[in-house]
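Heads up, data_15.pdb below (PDB, C-alpha atoms, pLDDT in the B column):
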```pdb
ATOM      1  CA  MET A   1       0.000   0.000   0.000  1.00 93.00           C
ATOM      2  CA  ASN A   2       1.379   3.390  -0.948  1.00 93.00           C
ATOM      3  CA  LYS A   3       0.253   6.842   0.180  1.00 92.00           C
ATOM      4  CA  GLN A   4      -2.405   7.175  -2.532  1.00 94.00           C
ATOM      5  CA  ASP A   5      -3.856   3.770  -1.605  1.00 95.00           C
ATOM      6  CA  LEU A   6      -3.983   4.903   2.022  1.00 94.00           C
ATOM      7  CA  VAL A   7      -5.834   8.084   1.039  1.00 95.00           C
ATOM      8  CA  THR A   8      -8.339   6.036  -0.967  1.00 96.00           C
ATOM      9  CA  ALA A   9      -8.900   3.627   1.952  1.00 96.00           C
ATOM     10  CA  VAL A  10      -9.419   6.498   4.428  1.00 94.00           C
ATOM     11  CA  ALA A  11     -11.856   8.221   2.067  1.00 96.00           C
ATOM     12  CA  LYS A  12     -13.846   5.022   1.584  1.00 96.00           C
ATOM     13  CA  GLN A  13     -13.997   4.100   5.297  1.00 95.00           C
ATOM     14  CA  LEU A  14     -14.959   7.588   6.484  1.00 94.00           C
ATOM     15  CA  GLY A  15     -17.174   8.477   3.523  1.00 95.00           C
ATOM     16  CA  LEU A  16     -15.081  11.546   2.697  1.00 94.00           C
ATOM     17  CA  SER A  17     -13.775  13.016  -0.514  1.00 95.00           C
ATOM     18  CA  LYS A  18     -10.270  11.985  -1.517  1.00 95.00           C
ATOM     19  CA  ALA A  19      -9.130  15.596  -1.059  1.00 96.00           C
ATOM     20  CA  LYS A  20     -10.278  15.660   2.575  1.00 96.00           C
ATOM     21  CA  ALA A  21      -8.796  12.203   3.209  1.00 95.00           C
ATOM     22  CA  ALA A  22      -5.491  13.415   1.718  1.00 95.00           C
ATOM     23  CA  GLU A  23      -5.520  16.362   4.153  1.00 95.00           C
ATOM     24  CA  ILE A  24      -6.012  13.985   7.087  1.00 93.00           C
ATOM     25  CA  THR A  25      -3.240  11.689   5.866  1.00 93.00           C
ATOM     26  CA  GLU A  26      -0.861  14.632   5.361  1.00 94.00           C
ATOM     27  CA  LEU A  27      -1.648  15.873   8.864  1.00 94.00           C
ATOM     28  CA  PHE A  28      -0.097  12.736  10.333  1.00 92.00           C
ATOM     29  CA  PHE A  29       2.451  11.458   7.814  1.00 91.00           C
ATOM     30  CA  SER A  30       4.000  14.445   6.021  1.00 92.00           C
ATOM     31  CA  PRO A  31       7.502  15.672   6.945  1.00 93.00           C
ATOM     32  CA  SER A  32       5.824  18.627   8.688  1.00 92.00           C
ATOM     33  CA  GLY A  33       3.059  16.470  10.186  1.00 93.00           C
ATOM     34  CA  VAL A  34       2.197  15.695  13.792  1.00 94.00           C
ATOM     35  CA  ILE A  35       4.395  12.603  14.135  1.00 95.00           C
ATOM     36  CA  ALA A  36       7.491  14.155  12.529  1.00 95.00           C
ATOM     37  CA  ALA A  37       7.115  17.358  14.557  1.00 95.00           C
ATOM     38  CA  GLU A  38       6.984  15.438  17.842  1.00 95.00           C
ATOM     39  CA  LEU A  39      10.002  13.305  16.917  1.00 95.00           C
ATOM     40  CA  LYS A  40      11.923  16.426  15.932  1.00 94.00           C
ATOM     41  CA  ARG A  41      11.306  17.808  19.439  1.00 94.00           C
ATOM     42  CA  GLY A  42      12.736  14.575  20.852  1.00 92.00           C
ATOM     43  CA  GLY A  43       9.366  13.238  21.980  1.00 94.00           C
ATOM     44  CA  LYS A  44       7.616   9.936  21.463  1.00 96.00           C
ATOM     45  CA  VAL A  45       4.274   9.186  19.794  1.00 96.00           C
ATOM     46  CA  ALA A  46       2.466   6.154  21.230  1.00 96.00           C
ATOM     47  CA  ILE A  47      -0.686   4.895  19.517  1.00 95.00           C
ATOM     48  CA  SER A  48      -2.465   2.331  21.662  1.00 94.00           C
ATOM     49  CA  GLY A  49      -2.913  -1.006  19.897  1.00 92.00           C
ATOM     50  CA  PHE A  50      -0.642   0.026  17.014  1.00 95.00           C
ATOM     51  CA  GLY A  51       2.811   0.972  18.270  1.00 96.00           C
ATOM     52  CA  SER A  52       5.110   3.843  19.093  1.00 97.00           C
ATOM     53  CA  PHE A  53       7.383   6.141  17.140  1.00 96.00           C
ATOM     54  CA  GLU A  54      10.552   7.334  18.876  1.00 96.00           C
ATOM     55  CA  THR A  55      14.059   8.533  18.165  1.00 96.00           C
ATOM     56  CA  ARG A  56      17.225   6.560  18.838  1.00 96.00           C
ATOM     57  CA  LYS A  57      20.814   7.710  18.983  1.00 96.00           C
ATOM     58  CA  ARG A  58      23.210   6.010  16.608  1.00 96.00           C
ATOM     59  CA  ALA A  59      26.856   6.127  17.661  1.00 96.00           C
ATOM     60  CA  ALA A  60      29.683   7.313  15.439  1.00 96.00           C
ATOM     61  CA  ARG A  61      31.454   4.447  13.722  1.00 95.00           C
ATOM     62  CA  GLU A  62      34.041   3.583  11.135  1.00 95.00           C
ATOM     63  CA  TRP A  63      33.269   1.819   7.887  1.00 93.00           C
ATOM     64  CA  ARG A  64      35.331   0.428   5.047  1.00 93.00           C
ATOM     65  CA  ASP A  65      34.476   0.612   1.348  1.00 91.00           C
ATOM     66  CA  PRO A  66      34.743  -3.002   0.125  1.00 92.00           C
ATOM     67  CA  ARG A  67      35.710  -1.944  -3.418  1.00 93.00           C
ATOM     68  CA  THR A  68      38.587   0.336  -2.514  1.00 93.00           C
ATOM     69  CA  GLY A  69      39.420  -0.801   1.014  1.00 91.00           C
ATOM     70  CA  LYS A  70      39.430   2.844   2.126  1.00 94.00           C
ATOM     71  CA  SER A  71      38.217   3.492   5.689  1.00 94.00           C
ATOM     72  CA  SER A  72      36.021   6.419   6.579  1.00 94.00           C
ATOM     73  CA  ASN A  73      34.068   7.694   9.583  1.00 95.00           C
ATOM     74  CA  ILE A  74      30.310   8.024   9.904  1.00 94.00           C
ATOM     75  CA  LYS A  75      29.146  10.743  12.291  1.00 96.00           C
ATOM     76  CA  ALA A  76      26.807  10.053  15.202  1.00 97.00           C
ATOM     77  CA  SER A  77      23.160  10.685  14.376  1.00 96.00           C
ATOM     78  CA  VAL A  78      19.612  10.462  15.661  1.00 95.00           C
ATOM     79  CA  VAL A  79      17.245   8.237  13.680  1.00 96.00           C
ATOM     80  CA  PRO A  80      13.473   7.669  13.830  1.00 95.00           C
ATOM     81  CA  ALA A  81      12.298   4.212  14.908  1.00 96.00           C
ATOM     82  CA  PHE A  82       8.987   2.371  15.169  1.00 96.00           C
ATOM     83  CA  ARG A  83       8.162  -0.326  17.684  1.00 96.00           C
ATOM     84  CA  ALA A  84       4.988  -2.309  17.002  1.00 95.00           C
ATOM     85  CA  SER A  85       2.617  -3.006  19.894  1.00 95.00           C
ATOM     86  CA  ARG A  86       2.002  -6.547  21.057  1.00 93.00           C
ATOM     87  CA  THR A  87      -1.515  -6.347  19.592  1.00 92.00           C
ATOM     88  CA  LEU A  88      -0.183  -5.504  16.126  1.00 93.00           C
ATOM     89  CA  ARG A  89       2.590  -8.119  16.317  1.00 93.00           C
ATOM     90  CA  ASP A  90       0.088 -10.808  17.320  1.00 92.00           C
ATOM     91  CA  LEU A  91      -2.250  -9.806  14.490  1.00 92.00           C
ATOM     92  CA  VAL A  92       0.542  -9.955  11.911  1.00 92.00           C
ATOM     93  CA  ASN A  93       1.925 -13.247  13.220  1.00 92.00           C
ATOM     94  CA  ARG A  94      -1.449 -14.984  13.404  1.00 86.00           C
ATOM     95  CA  LYS A  95      -1.567 -17.903  10.974  1.00 64.00           C
ATOM     96  CA  ARG A  96      -3.953 -17.434   8.100  1.00 59.00           C
TER      97      ARG A  96
END
```
Could you take the file, read its structure, and then write that structure out as structure tokens?
Amino acid sequence: MNKQDLVTAVAKQLGLSKAKAAEITELFFSPSGVIAAELKRGGKVAISGFGSFETRKRAAREWRDPRTGKSSNIKASVVPAFRASRTLRDLVNRKR
């Protein structure tokens, strides 16, 4: 499912126009949306029964280019992460 499929599904389930459903989807999932804004502030977004979005620190490390053998450093960074809730994991892992 891509973003357009998600917009179509939201519009169908809520009985809205695709334009309004796209607005709702953008509100949550765009780079300037609610989830991204909270993560940028260093917060966490927990959605009961679905999972939580958080940030994790990634340490600086050294890597080696396998083609040239040249070593280089990668700077420390902060990356977004998602942890699925037990409910979602159980639903996905349930045998069909």
Which of A:Pro66, A:Gln4, A:Phe53, A:Ala22 sits closest to Ala36 in chain A [using only C-alpha atoms]: A:Phe53
Residues of range 10-38 of chain A that have any atom at most 12 Å from an atom of range 73-81 of chain A: could you tabulate them with the shortest-distance atom pair and the distance in Å to one decimal, using all atoms listed in the file, ordered by chain and increasing number, as a tab-separated table?
```
residue	atom	partner	partner_atom	distance
A:Ile35	CA	A:Pro80	CA	10.3
A:Ala36	CA	A:Pro80	CA	8.9
A:Ala37	CA	A:Pro80	CA	11.6
A:Glu38	CA	A:Pro80	CA	10.9
```
How would you write, as a tab-separated table (two decimals) with C-alpha atoms, keeping the file's coordinate frame, the residues chosen by the PyMOL selection byres ((chain A and resi 7-13) around 12) on this structure?
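The resulting file, part33.tsv, is shown below:
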```tsv
chain	number	residue	atom	x	y	z
A	1	MET	CA	0.00	0.00	0.00
A	2	ASN	CA	1.38	3.39	-0.95
A	3	LYS	CA	0.25	6.84	0.18
A	4	GLN	CA	-2.40	7.18	-2.53
A	5	ASP	CA	-3.86	3.77	-1.60
A	6	LEU	CA	-3.98	4.90	2.02
A	14	LEU	CA	-14.96	7.59	6.48
A	15	GLY	CA	-17.17	8.48	3.52
A	16	LEU	CA	-15.08	11.55	2.70
A	17	SER	CA	-13.78	13.02	-0.51
A	18	LYS	CA	-10.27	11.98	-1.52
A	19	ALA	CA	-9.13	15.60	-1.06
A	20	LYS	CA	-10.28	15.66	2.58
A	21	ALA	CA	-8.80	12.20	3.21
A	22	ALA	CA	-5.49	13.42	1.72
A	23	GLU	CA	-5.52	16.36	4.15
A	24	ILE	CA	-6.01	13.98	7.09
A	25	THR	CA	-3.24	11.69	5.87
A	26	GLU	CA	-0.86	14.63	5.36
A	27	LEU	CA	-1.65	15.87	8.86
A	28	PHE	CA	-0.10	12.74	10.33
A	29	PHE	CA	2.45	11.46	7.81
```
Could you list the residues chosen by the PyMOL selection byres ((chain A and resi 83-87) around 6) in this structure as a PDB file with C-alpha atoms, keeping the file's coordinate frame?
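And here is the file that came out, expr_27.pdb:
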```
ATOM      1  CA  GLY A  49      -2.913  -1.006  19.897  1.00 92.00           C
ATOM      2  CA  PHE A  50      -0.642   0.026  17.014  1.00 95.00           C
ATOM      3  CA  GLY A  51       2.811   0.972  18.270  1.00 96.00           C
ATOM      4  CA  SER A  52       5.110   3.843  19.093  1.00 97.00           C
ATOM      5  CA  PHE A  82       8.987   2.371  15.169  1.00 96.00           C
ATOM      6  CA  LEU A  88      -0.183  -5.504  16.126  1.00 93.00           C
ATOM      7  CA  ARG A  89       2.590  -8.119  16.317  1.00 93.00           C
ATOM      8  CA  ASP A  90       0.088 -10.808  17.320  1.00 92.00           C
TER       9      ASP A  90
END
```
Atomic distance CA of Ile47 in chain A - CA of Val34 in chain A, expressed in Å with one decimal: 12.6 Å
Residue with smallest distance to Lys40 in chain A - pool A:Lys70, A:Arg64, A:Arg94, A:Arg56, counting all atoms listed in the file: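 Of all the options, A:Arg56 lies closest to Lys40 in chain A.
The coordinates place CA of Ser72 in chain A at 10.9 Å from CA of Ala60 in chain A.
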Separation of CA of Lys44 in chain A from CA of Ala59 in chain A in Å: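 Taking CA of Ala59 in chain A as the start and CA of Lys44 in chain A as the end point, the length is 20.0 Å.
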